[in-house]
Amino acid sequence: MIARINNNIEIDLSKPIDISIPLSNTDANPIAWYIEKPEIKPVVFGDWIGKVSKGSSTNFNNIFFNPHGHGTHTECLGHITREFYSVNKSLKQFFFTAELISITPQRIVDDTIITKFQIENALNGKTPEAIIIRTLPNLESKKNQNYSKTNPAYMAEDAAIYLREIGIQHLLIDLPSVDREEDEGKLLAHKAFWNVKNVEVLNKDARLNCTITEMIYVENAVADGRYILNLQIASFENDASPSKPILFKINAF
């Protein structure tokens, strides 16, 4: 099925590129922030078990998980503010122009950091609505990595400021966070991207409609370049939701 975006762009909806990581209750599920794997278990009422193989008419599971620590998720600035903001109310459009770039984070002392220079160089003047950052080396182990206490790569504050200044509305990355794992609660890249100057009282120019999506995975076969992004979330009234970002190749004519 072909969809026309405008007079010179079309996408083939029958060829989606899923860059999310599925959530499961197995050891293959990625984990961050010192928590255990998700739980997916049938409801039990006395002798009744919500599982067809146990005699029930339906499978009827409870799911316990944390969107920030258990896989691909999209978050709004409510992640870092005292006042409650919901990603479900912040994200009201779901299709965006996007640029996929690949970056090898730079080793600086004990950290590996995505720098402003690297992003600026990779974008080469492009200003899409969304940016997707694939870090190199792009190992399949990202899909089941336990990131806790590993000090993963993260984004420099000035890199996040740069993305804000050129108008990037949606930032997607294959790391558990845009910020350092242990940073004394500074959250410099989060604050810079959302332009949050005071978490106690939100400034008027904070970017309420912008999102950060973490823990994606982009296969090596997917080339860097321009795409249409469909950013799908579950309708949770929460600062973050598990999400399913989908890319579509652009056919220009």
# chains A, B, ... in the order shown; residues from 1 in each chain; ligands from 1
>>> residues_around(residues="range 139-152 of chain A", least_positions_apart="3", cutoff="10 Å", atoms="only C-alpha atoms", output="number ranges by chain")
A: 20-22, 26-37, 69-72, 110-113, 135-136, 174-182, 215-220
>>> write_last_selection(atoms="N, CA, C and O atoms", output="compact mmCIF listing (two decimals), in the first residue's frame")
# COMPACT_ATOMS: atom_id res chain seq x y z
N SER A 20 11.78 -1.08 17.42
CA SER A 20 11.52 -1.31 18.84
C SER A 20 12.07 -2.67 19.26
O SER A 20 12.33 -3.54 18.44
N ILE A 21 12.24 -2.83 20.56
CA ILE A 21 12.63 -4.11 21.15
C ILE A 21 11.43 -4.67 21.88
O ILE A 21 10.85 -4.00 22.75
N PRO A 22 10.98 -5.89 21.56
CA PRO A 22 9.80 -6.44 22.22
C PRO A 22 10.06 -6.69 23.70
O PRO A 22 11.17 -6.97 24.13
N THR A 26 11.44 -12.95 29.84
CA THR A 26 12.58 -13.86 29.76
C THR A 26 13.87 -13.12 30.03
O THR A 26 13.90 -11.88 30.06
N ASP A 27 14.95 -13.87 30.17
CA ASP A 27 16.25 -13.26 30.40
C ASP A 27 16.76 -12.54 29.15
O ASP A 27 17.77 -11.83 29.22
N ALA A 28 16.07 -12.71 28.02
CA ALA A 28 16.46 -12.01 26.79
C ALA A 28 15.99 -10.56 26.80
O ALA A 28 16.41 -9.78 25.95
N ASN A 29 15.12 -10.20 27.74
CA ASN A 29 14.62 -8.83 27.79
C ASN A 29 15.71 -7.88 28.27
O ASN A 29 16.38 -8.16 29.26
N PRO A 30 15.92 -6.74 27.58
CA PRO A 30 16.91 -5.78 28.07
C PRO A 30 16.46 -5.17 29.40
O PRO A 30 15.27 -5.05 29.67
N ILE A 31 17.44 -4.77 30.20
CA ILE A 31 17.16 -4.23 31.53
C ILE A 31 18.09 -3.05 31.80
O ILE A 31 19.26 -3.06 31.42
N ALA A 32 17.55 -2.04 32.46
CA ALA A 32 18.37 -0.92 32.95
C ALA A 32 17.84 -0.49 34.32
O ALA A 32 16.75 -0.88 34.73
N TRP A 33 18.65 0.27 35.02
CA TRP A 33 18.26 0.91 36.27
C TRP A 33 17.99 -0.09 37.40
O TRP A 33 17.10 0.11 38.22
N TYR A 34 18.78 -1.18 37.42
CA TYR A 34 18.90 -2.04 38.60
C TYR A 34 17.62 -2.81 38.95
O TYR A 34 17.46 -3.25 40.09
N ILE A 35 16.73 -2.98 38.01
CA ILE A 35 15.51 -3.71 38.29
C ILE A 35 15.59 -5.13 37.71
O ILE A 35 16.51 -5.46 36.98
N GLU A 36 14.62 -5.95 38.05
CA GLU A 36 14.57 -7.32 37.54
C GLU A 36 13.79 -7.35 36.22
O GLU A 36 13.21 -6.34 35.80
N LYS A 37 13.75 -8.50 35.57
CA LYS A 37 13.05 -8.62 34.30
C LYS A 37 11.54 -8.45 34.50
O LYS A 37 11.02 -8.60 35.62
N GLY A 69 12.89 1.02 32.22
CA GLY A 69 13.95 0.04 32.42
C GLY A 69 13.81 -1.26 31.67
O GLY A 69 14.69 -2.10 31.74
N HIS A 70 12.71 -1.42 30.91
CA HIS A 70 12.42 -2.72 30.33
C HIS A 70 12.29 -2.72 28.81
O HIS A 70 11.62 -3.58 28.25
N GLY A 71 12.86 -1.77 28.13
CA GLY A 71 12.82 -1.82 26.67
C GLY A 71 12.50 -0.48 26.04
O GLY A 71 12.58 0.58 26.67
N THR A 72 12.11 -0.53 24.79
CA THR A 72 11.85 0.69 24.02
C THR A 72 10.71 1.48 24.65
O THR A 72 9.62 0.95 24.88
N ASP A 110 36.76 8.08 31.57
CA ASP A 110 36.08 6.82 31.87
C ASP A 110 34.73 6.68 31.18
O ASP A 110 34.02 5.69 31.39
N ASP A 111 34.35 7.65 30.37
CA ASP A 111 33.04 7.66 29.74
C ASP A 111 33.13 7.55 28.22
O ASP A 111 34.18 7.82 27.62
N THR A 112 32.02 7.14 27.61
CA THR A 112 31.89 7.20 26.15
C THR A 112 30.72 8.13 25.85
O THR A 112 29.60 7.93 26.36
N ILE A 113 30.97 9.14 25.03
CA ILE A 113 30.05 10.27 24.90
C ILE A 113 29.76 10.57 23.44
O ILE A 113 30.66 10.58 22.58
N THR A 135 24.21 3.84 17.71
CA THR A 135 25.60 3.88 18.17
C THR A 135 26.36 2.67 17.63
O THR A 135 25.80 1.58 17.46
N LEU A 136 27.62 2.90 17.37
CA LEU A 136 28.51 1.85 16.85
C LEU A 136 29.56 1.50 17.90
O LEU A 136 30.00 2.37 18.65
N ASP A 174 19.57 4.37 20.80
CA ASP A 174 19.62 2.94 21.17
C ASP A 174 20.35 2.71 22.49
O ASP A 174 20.91 1.63 22.72
N LEU A 175 20.29 3.66 23.38
CA LEU A 175 20.90 3.57 24.70
C LEU A 175 19.82 3.64 25.77
O LEU A 175 18.71 4.11 25.51
N PRO A 176 20.10 3.21 27.00
CA PRO A 176 19.08 3.27 28.05
C PRO A 176 18.74 4.68 28.49
O PRO A 176 17.69 4.90 29.09
N SER A 177 19.62 5.64 28.20
CA SER A 177 19.35 7.02 28.57
C SER A 177 20.23 7.96 27.75
O SER A 177 21.33 7.59 27.34
N VAL A 178 19.75 9.17 27.54
CA VAL A 178 20.60 10.19 26.92
C VAL A 178 21.59 10.75 27.93
O VAL A 178 22.53 11.46 27.55
N ASP A 179 21.38 10.46 29.21
CA ASP A 179 22.26 10.96 30.25
C ASP A 179 23.11 9.84 30.87
O ASP A 179 22.81 8.65 30.72
N ARG A 180 24.13 10.25 31.57
CA ARG A 180 25.02 9.32 32.26
C ARG A 180 24.24 8.49 33.28
O ARG A 180 23.33 9.00 33.94
N GLU A 181 24.61 7.22 33.44
CA GLU A 181 23.90 6.35 34.36
C GLU A 181 23.92 6.91 35.79
O GLU A 181 22.88 6.95 36.46
N GLU A 182 25.07 7.35 36.25
CA GLU A 182 25.17 7.96 37.57
C GLU A 182 25.71 9.38 37.41
O GLU A 182 26.89 9.59 37.14
N MET A 215 16.34 3.09 24.14
CA MET A 215 16.41 1.63 24.02
C MET A 215 15.73 1.11 22.75
O MET A 215 14.98 0.13 22.78
N ILE A 216 15.99 1.78 21.64
CA ILE A 216 15.58 1.24 20.35
C ILE A 216 16.67 0.29 19.85
O ILE A 216 17.73 0.17 20.47
N TYR A 217 16.42 -0.36 18.72
CA TYR A 217 17.46 -1.12 18.05
C TYR A 217 17.23 -1.04 16.55
O TYR A 217 16.17 -1.42 16.06
N VAL A 218 18.24 -0.53 15.83
CA VAL A 218 18.16 -0.40 14.38
C VAL A 218 19.12 -1.41 13.76
O VAL A 218 20.33 -1.35 13.99
N GLU A 219 18.59 -2.33 12.99
CA GLU A 219 19.41 -3.37 12.36
C GLU A 219 20.48 -2.74 11.46
O GLU A 219 20.28 -1.68 10.87
N ASN A 220 21.61 -3.43 11.36
CA ASN A 220 22.71 -2.94 10.53
C ASN A 220 22.32 -2.79 9.07
O ASN A 220 22.88 -1.96 8.34
>>> residues_around(residues="range 41-44 of chain A", least_positions_apart="6", cutoff="10 Å", atoms="only C-alpha atoms", output="number ranges by chain")
A: 25, 50-52, 54, 58-64
>>> atom_distance(atom1="CA of Ser86 in chain A", atom2="CA of Ala160 in chain A")
21.6 Å
>>> closest_residue(among="A:Ile168, A:Leu202, A:Ile246, A:Val87", to="Lys126 in chain A", atoms="only C-alpha atoms")
A:Ile168
>>> residues_around(residues="Asn124 in chain A", least_positions_apart="5", cutoff="12 Å", atoms="only C-alpha atoms", output="ChimeraX atom specification")
/A:99,101,117-119,166,225
>>> write_last_selection(atoms="N, CA, C and O atoms", output="PDB file, in the first residue's frame")
ATOM      1  N   GLU A  99      15.770  11.538  10.363  1.00  0.00           N
ATOM      2  CA  GLU A  99      17.087  11.229   9.825  1.00  0.00           C
ATOM      3  C   GLU A  99      17.752  10.211  10.741  1.00  0.00           C
ATOM      4  O   GLU A  99      17.855  10.421  11.959  1.00  0.00           O
ATOM      5  N   ILE A 101      21.142   8.447  11.795  1.00  0.00           N
ATOM      6  CA  ILE A 101      22.588   8.629  11.739  1.00  0.00           C
ATOM      7  C   ILE A 101      23.261   7.580  12.617  1.00  0.00           C
ATOM      8  O   ILE A 101      22.676   7.108  13.595  1.00  0.00           O
ATOM      9  N   PHE A 117      29.795  17.779  17.983  1.00  0.00           N
ATOM     10  CA  PHE A 117      30.496  17.750  16.695  1.00  0.00           C
ATOM     11  C   PHE A 117      30.090  16.530  15.883  1.00  0.00           C
ATOM     12  O   PHE A 117      29.863  16.620  14.668  1.00  0.00           O
ATOM     13  N   GLN A 118      29.988  15.373  16.536  1.00  0.00           N
ATOM     14  CA  GLN A 118      29.625  14.152  15.830  1.00  0.00           C
ATOM     15  C   GLN A 118      28.224  14.248  15.225  1.00  0.00           C
ATOM     16  O   GLN A 118      28.001  13.872  14.076  1.00  0.00           O
ATOM     17  N   ILE A 119      27.270  14.761  15.998  1.00  0.00           N
ATOM     18  CA  ILE A 119      25.900  14.890  15.497  1.00  0.00           C
ATOM     19  C   ILE A 119      25.825  15.930  14.385  1.00  0.00           C
ATOM     20  O   ILE A 119      25.204  15.697  13.335  1.00  0.00           O
ATOM     21  N   ILE A 166      18.284  23.427  16.629  1.00  0.00           N
ATOM     22  CA  ILE A 166      17.981  23.253  15.202  1.00  0.00           C
ATOM     23  C   ILE A 166      16.556  22.726  14.989  1.00  0.00           C
ATOM     24  O   ILE A 166      16.151  22.445  13.861  1.00  0.00           O
ATOM     25  N   GLY A 225      20.131   7.714   6.705  1.00  0.00           N
ATOM     26  CA  GLY A 225      19.465   8.562   5.727  1.00  0.00           C
ATOM     27  C   GLY A 225      18.093   9.005   6.186  1.00  0.00           C
ATOM     28  O   GLY A 225      17.744   8.926   7.366  1.00  0.00           O
TER      29      GLY A 225
END
>>> residues_around(residues="Glu237 in chain A", least_positions_apart="6", cutoff="12 Å", atoms="only C-alpha atoms", output="ChimeraX atom specification")
/A:75-76,78,84-91
>>> residues_around(residues="Thr213 in chain A", least_positions_apart="5", cutoff="6 Å", atoms="only C-alpha atoms", output="PyMOL selection string")
chain A and resi 73-74+172
>>> atom_distance(atom1="CA of Ile173 in chain A", atom2="CA of Val199 in chain A")
23.3 Å
>>> select_by_dssp(residues="range 70-116 of chain A", states="strand (DSSP E or B)", output="list in words")
His73, Thr74, Glu75, Phe95, Phe96, Thr97, Ala98, Glu99, Leu100, Ile101, Ser102, Ile103, Gln106, Arg107, Ile108, Asp111, Thr112, Ile113 and Ile114 of chain A
>>> select_by_dssp(residues="range 11-207 of chain A", states="alpha helix (DSSP H)", output="JSON, numbers by chain")
{"A": [87, 88, 89, 90, 116, 117, 118, 119, 120, 121, 122, 123, 157, 158, 159, 160, 161, 162, 163, 164, 165, 188, 189, 190, 191, 192, 193, 194]}
>>> write_last_selection(atoms="N, CA and C atoms", output="PDB file, in the first residue's frame")
ATOM      1  N   VAL A  87       2.860  11.674  28.686  1.00  0.00           N
ATOM      2  CA  VAL A  87       3.306  11.494  27.309  1.00  0.00           C
ATOM      3  C   VAL A  87       2.110  11.302  26.387  1.00  0.00           C
ATOM      4  N   ASN A  88       1.031  10.754  26.905  1.00  0.00           N
ATOM      5  CA  ASN A  88      -0.170  10.548  26.097  1.00  0.00           C
ATOM      6  C   ASN A  88      -0.790  11.865  25.651  1.00  0.00           C
ATOM      7  N   LYS A  89      -0.656  12.904  26.485  1.00  0.00           N
ATOM      8  CA  LYS A  89      -1.183  14.222  26.128  1.00  0.00           C
ATOM      9  C   LYS A  89      -0.144  15.068  25.397  1.00  0.00           C
ATOM     10  N   SER A  90       1.128  14.752  25.574  1.00  0.00           N
ATOM     11  CA  SER A  90       2.189  15.525  24.923  1.00  0.00           C
ATOM     12  C   SER A  90       2.357  15.154  23.459  1.00  0.00           C
ATOM     13  N   LYS A 116      28.499  16.936  20.334  1.00  0.00           N
ATOM     14  CA  LYS A 116      27.832  17.860  19.415  1.00  0.00           C
ATOM     15  C   LYS A 116      28.474  17.795  18.039  1.00  0.00           C
ATOM     16  N   PHE A 117      29.795  17.779  17.983  1.00  0.00           N
ATOM     17  CA  PHE A 117      30.496  17.750  16.695  1.00  0.00           C
ATOM     18  C   PHE A 117      30.090  16.530  15.883  1.00  0.00           C
ATOM     19  N   GLN A 118      29.988  15.373  16.536  1.00  0.00           N
ATOM     20  CA  GLN A 118      29.625  14.152  15.830  1.00  0.00           C
ATOM     21  C   GLN A 118      28.224  14.248  15.225  1.00  0.00           C
ATOM     22  N   ILE A 119      27.270  14.761  15.998  1.00  0.00           N
ATOM     23  CA  ILE A 119      25.900  14.890  15.497  1.00  0.00           C
ATOM     24  C   ILE A 119      25.825  15.930  14.385  1.00  0.00           C
ATOM     25  N   GLU A 120      26.469  17.069  14.610  1.00  0.00           N
ATOM     26  CA  GLU A 120      26.455  18.135  13.604  1.00  0.00           C
ATOM     27  C   GLU A 120      27.060  17.646  12.293  1.00  0.00           C
ATOM     28  N   ASN A 121      28.141  16.905  12.397  1.00  0.00           N
ATOM     29  CA  ASN A 121      28.813  16.391  11.207  1.00  0.00           C
ATOM     30  C   ASN A 121      27.938  15.356  10.484  1.00  0.00           C
ATOM     31  N   ALA A 122      27.269  14.492  11.253  1.00  0.00           N
ATOM     32  CA  ALA A 122      26.435  13.453  10.649  1.00  0.00           C
ATOM     33  C   ALA A 122      25.190  14.038   9.991  1.00  0.00           C
ATOM     34  N   LEU A 123      24.608  15.058  10.582  1.00  0.00           N
ATOM     35  CA  LEU A 123      23.415  15.674  10.001  1.00  0.00           C
ATOM     36  C   LEU A 123      23.746  16.500   8.763  1.00  0.00           C
ATOM     37  N   GLU A 157      25.812  17.394  27.000  1.00  0.00           N
ATOM     38  CA  GLU A 157      24.794  18.427  27.163  1.00  0.00           C
ATOM     39  C   GLU A 157      24.736  19.346  25.948  1.00  0.00           C
ATOM     40  N   ASP A 158      25.894  19.764  25.433  1.00  0.00           N
ATOM     41  CA  ASP A 158      25.865  20.692  24.296  1.00  0.00           C
ATOM     42  C   ASP A 158      25.328  20.032  23.030  1.00  0.00           C
ATOM     43  N   ALA A 159      25.419  18.714  22.944  1.00  0.00           N
ATOM     44  CA  ALA A 159      24.816  18.005  21.812  1.00  0.00           C
ATOM     45  C   ALA A 159      23.296  18.086  21.888  1.00  0.00           C
ATOM     46  N   ALA A 160      22.741  17.929  23.093  1.00  0.00           N
ATOM     47  CA  ALA A 160      21.293  18.038  23.277  1.00  0.00           C
ATOM     48  C   ALA A 160      20.822  19.465  23.031  1.00  0.00           C
ATOM     49  N   ILE A 161      21.615  20.439  23.454  1.00  0.00           N
ATOM     50  CA  ILE A 161      21.280  21.839  23.184  1.00  0.00           C
ATOM     51  C   ILE A 161      21.245  22.095  21.682  1.00  0.00           C
ATOM     52  N   TYR A 162      22.219  21.551  20.970  1.00  0.00           N
ATOM     53  CA  TYR A 162      22.272  21.704  19.520  1.00  0.00           C
ATOM     54  C   TYR A 162      21.019  21.136  18.862  1.00  0.00           C
ATOM     55  N   LEU A 163      20.595  19.948  19.279  1.00  0.00           N
ATOM     56  CA  LEU A 163      19.388  19.352  18.710  1.00  0.00           C
ATOM     57  C   LEU A 163      18.172  20.235  18.961  1.00  0.00           C
ATOM     58  N   ARG A 164      18.087  20.797  20.156  1.00  0.00           N
ATOM     59  CA  ARG A 164      16.977  21.709  20.471  1.00  0.00           C
ATOM     60  C   ARG A 164      17.036  22.950  19.585  1.00  0.00           C
ATOM     61  N   GLU A 165      18.220  23.499  19.427  1.00  0.00           N
ATOM     62  CA  GLU A 165      18.363  24.759  18.685  1.00  0.00           C
ATOM     63  C   GLU A 165      18.063  24.610  17.199  1.00  0.00           C
ATOM     64  N   LEU A 188      21.473  16.397  32.569  1.00  0.00           N
ATOM     65  CA  LEU A 188      21.782  17.577  31.763  1.00  0.00           C
ATOM     66  C   LEU A 188      21.235  17.502  30.345  1.00  0.00           C
ATOM     67  N   ALA A 189      21.341  16.325  29.698  1.00  0.00           N
ATOM     68  CA  ALA A 189      20.872  16.204  28.320  1.00  0.00           C
ATOM     69  C   ALA A 189      19.348  16.233  28.255  1.00  0.00           C
ATOM     70  N   HIS A 190      18.682  15.563  29.191  1.00  0.00           N
ATOM     71  CA  HIS A 190      17.218  15.627  29.239  1.00  0.00           C
ATOM     72  C   HIS A 190      16.759  17.082  29.374  1.00  0.00           C
ATOM     73  N   LYS A 191      17.309  17.774  30.333  1.00  0.00           N
ATOM     74  CA  LYS A 191      16.900  19.154  30.591  1.00  0.00           C
ATOM     75  C   LYS A 191      17.206  20.052  29.394  1.00  0.00           C
ATOM     76  N   ALA A 192      18.356  19.848  28.774  1.00  0.00           N
ATOM     77  CA  ALA A 192      18.736  20.673  27.634  1.00  0.00           C
ATOM     78  C   ALA A 192      17.804  20.449  26.449  1.00  0.00           C
ATOM     79  N   PHE A 193      17.488  19.187  26.156  1.00  0.00           N
ATOM     80  CA  PHE A 193      16.634  18.899  24.998  1.00  0.00           C
ATOM     81  C   PHE A 193      15.228  19.458  25.199  1.00  0.00           C
ATOM     82  N   TRP A 194      14.665  19.273  26.402  1.00  0.00           N
ATOM     83  CA  TRP A 194      13.315  19.764  26.672  1.00  0.00           C
ATOM     84  C   TRP A 194      13.295  21.232  27.089  1.00  0.00           C
TER      85      TRP A 194
END
>>> decode(residues="range 218-229 of chain A", atoms="all heavy atoms", output="PDB file, in the first residue's frame")
ATOM      1  N   VAL A 218      18.238  -0.533  15.832  1.00  0.00           N
ATOM      2  CA  VAL A 218      18.163  -0.399  14.379  1.00  0.00           C
ATOM      3  C   VAL A 218      19.120  -1.408  13.756  1.00  0.00           C
ATOM      4  O   VAL A 218      20.333  -1.351  13.988  1.00  0.00           O
ATOM      5  CB  VAL A 218      18.535   1.024  13.919  1.00  0.00           C
ATOM      6  CG1 VAL A 218      18.299   1.174  12.419  1.00  0.00           C
ATOM      7  CG2 VAL A 218      17.736   2.075  14.690  1.00  0.00           C
ATOM      8  N   GLU A 219      18.586  -2.335  12.988  1.00  0.00           N
ATOM      9  CA  GLU A 219      19.409  -3.369  12.355  1.00  0.00           C
ATOM     10  C   GLU A 219      20.483  -2.742  11.463  1.00  0.00           C
ATOM     11  O   GLU A 219      20.282  -1.677  10.868  1.00  0.00           O
ATOM     12  CB  GLU A 219      18.539  -4.298  11.515  1.00  0.00           C
ATOM     13  CG  GLU A 219      17.469  -5.058  12.295  1.00  0.00           C
ATOM     14  CD  GLU A 219      18.039  -6.218  13.095  1.00  0.00           C
ATOM     15  OE1 GLU A 219      19.237  -6.538  12.917  1.00  0.00           O
ATOM     16  OE2 GLU A 219      17.273  -6.807  13.887  1.00  0.00           O
ATOM     17  N   ASN A 220      21.615  -3.431  11.361  1.00  0.00           N
ATOM     18  CA  ASN A 220      22.713  -2.937  10.529  1.00  0.00           C
ATOM     19  C   ASN A 220      22.323  -2.790   9.066  1.00  0.00           C
ATOM     20  O   ASN A 220      22.877  -1.960   8.339  1.00  0.00           O
ATOM     21  CB  ASN A 220      23.915  -3.873  10.640  1.00  0.00           C
ATOM     22  CG  ASN A 220      24.599  -3.774  11.995  1.00  0.00           C
ATOM     23  OD1 ASN A 220      24.870  -2.682  12.483  1.00  0.00           O
ATOM     24  ND2 ASN A 220      24.870  -4.904  12.615  1.00  0.00           N
ATOM     25  N   ALA A 221      21.358  -3.588   8.624  1.00  0.00           N
ATOM     26  CA  ALA A 221      20.940  -3.545   7.221  1.00  0.00           C
ATOM     27  C   ALA A 221      20.180  -2.272   6.867  1.00  0.00           C
ATOM     28  O   ALA A 221      20.013  -1.959   5.677  1.00  0.00           O
ATOM     29  CB  ALA A 221      20.072  -4.761   6.904  1.00  0.00           C
ATOM     30  N   VAL A 222      19.733  -1.533   7.873  1.00  0.00           N
ATOM     31  CA  VAL A 222      18.994  -0.291   7.627  1.00  0.00           C
ATOM     32  C   VAL A 222      19.999   0.840   7.431  1.00  0.00           C
ATOM     33  O   VAL A 222      20.783   1.156   8.330  1.00  0.00           O
ATOM     34  CB  VAL A 222      18.046   0.028   8.799  1.00  0.00           C
ATOM     35  CG1 VAL A 222      17.269   1.305   8.521  1.00  0.00           C
ATOM     36  CG2 VAL A 222      17.096  -1.144   9.055  1.00  0.00           C
ATOM     37  N   ALA A 223      19.991   1.434   6.260  1.00  0.00           N
ATOM     38  CA  ALA A 223      20.988   2.449   5.908  1.00  0.00           C
ATOM     39  C   ALA A 223      20.702   3.786   6.579  1.00  0.00           C
ATOM     40  O   ALA A 223      19.535   4.149   6.806  1.00  0.00           O
ATOM     41  CB  ALA A 223      21.029   2.628   4.396  1.00  0.00           C
ATOM     42  N   ASP A 224      21.756   4.517   6.898  1.00  0.00           N
ATOM     43  CA  ASP A 224      21.591   5.890   7.357  1.00  0.00           C
ATOM     44  C   ASP A 224      20.868   6.689   6.279  1.00  0.00           C
ATOM     45  O   ASP A 224      20.997   6.419   5.082  1.00  0.00           O
ATOM     46  CB  ASP A 224      22.958   6.528   7.623  1.00  0.00           C
ATOM     47  CG  ASP A 224      23.583   6.066   8.923  1.00  0.00           C
ATOM     48  OD1 ASP A 224      22.962   5.256   9.628  1.00  0.00           O
ATOM     49  OD2 ASP A 224      24.713   6.509   9.235  1.00  0.00           O
ATOM     50  N   GLY A 225      20.131   7.714   6.705  1.00  0.00           N
ATOM     51  CA  GLY A 225      19.465   8.562   5.727  1.00  0.00           C
ATOM     52  C   GLY A 225      18.093   9.005   6.186  1.00  0.00           C
ATOM     53  O   GLY A 225      17.744   8.926   7.366  1.00  0.00           O
ATOM     54  N   ARG A 226      17.313   9.445   5.226  1.00  0.00           N
ATOM     55  CA  ARG A 226      16.017  10.072   5.486  1.00  0.00           C
ATOM     56  C   ARG A 226      14.893   9.031   5.479  1.00  0.00           C
ATOM     57  O   ARG A 226      14.827   8.166   4.607  1.00  0.00           O
ATOM     58  CB  ARG A 226      15.752  11.137   4.417  1.00  0.00           C
ATOM     59  CG  ARG A 226      14.544  12.017   4.682  1.00  0.00           C
ATOM     60  CD  ARG A 226      14.464  13.155   3.700  1.00  0.00           C
ATOM     61  NE  ARG A 226      14.274  12.688   2.329  1.00  0.00           N
ATOM     62  CZ  ARG A 226      13.520  13.319   1.427  1.00  0.00           C
ATOM     63  NH1 ARG A 226      12.912  14.447   1.752  1.00  0.00           N
ATOM     64  NH2 ARG A 226      13.401  12.849   0.200  1.00  0.00           N
ATOM     65  N   TYR A 227      13.982   9.145   6.444  1.00  0.00           N
ATOM     66  CA  TYR A 227      12.841   8.243   6.573  1.00  0.00           C
ATOM     67  C   TYR A 227      11.617   9.039   7.030  1.00  0.00           C
ATOM     68  O   TYR A 227      11.725  10.195   7.441  1.00  0.00           O
ATOM     69  CB  TYR A 227      13.127   7.143   7.607  1.00  0.00           C
ATOM     70  CG  TYR A 227      14.210   6.178   7.210  1.00  0.00           C
ATOM     71  CD1 TYR A 227      15.558   6.457   7.464  1.00  0.00           C
ATOM     72  CD2 TYR A 227      13.906   4.981   6.568  1.00  0.00           C
ATOM     73  CE1 TYR A 227      16.566   5.582   7.082  1.00  0.00           C
ATOM     74  CE2 TYR A 227      14.907   4.084   6.189  1.00  0.00           C
ATOM     75  CZ  TYR A 227      16.223   4.397   6.446  1.00  0.00           C
ATOM     76  OH  TYR A 227      17.220   3.522   6.061  1.00  0.00           O
ATOM     77  N   ILE A 228      10.481   8.375   6.965  1.00  0.00           N
ATOM     78  CA  ILE A 228       9.303   8.839   7.685  1.00  0.00           C
ATOM     79  C   ILE A 228       9.186   7.974   8.935  1.00  0.00           C
ATOM     80  O   ILE A 228       9.255   6.743   8.871  1.00  0.00           O
ATOM     81  CB  ILE A 228       8.024   8.728   6.831  1.00  0.00           C
ATOM     82  CG1 ILE A 228       8.091   9.701   5.647  1.00  0.00           C
ATOM     83  CG2 ILE A 228       6.784   9.028   7.678  1.00  0.00           C
ATOM     84  CD1 ILE A 228       8.182  11.183   6.029  1.00  0.00           C
ATOM     85  N   LEU A 229       9.027   8.625  10.078  1.00  0.00           N
ATOM     86  CA  LEU A 229       8.894   7.936  11.361  1.00  0.00           C
ATOM     87  C   LEU A 229       7.445   7.935  11.800  1.00  0.00           C
ATOM     88  O   LEU A 229       6.791   8.985  11.815  1.00  0.00           O
ATOM     89  CB  LEU A 229       9.739   8.650  12.425  1.00  0.00           C
ATOM     90  CG  LEU A 229       9.467   8.285  13.889  1.00  0.00           C
ATOM     91  CD1 LEU A 229       9.899   6.845  14.181  1.00  0.00           C
ATOM     92  CD2 LEU A 229      10.165   9.267  14.835  1.00  0.00           C
TER      93      LEU A 229
END
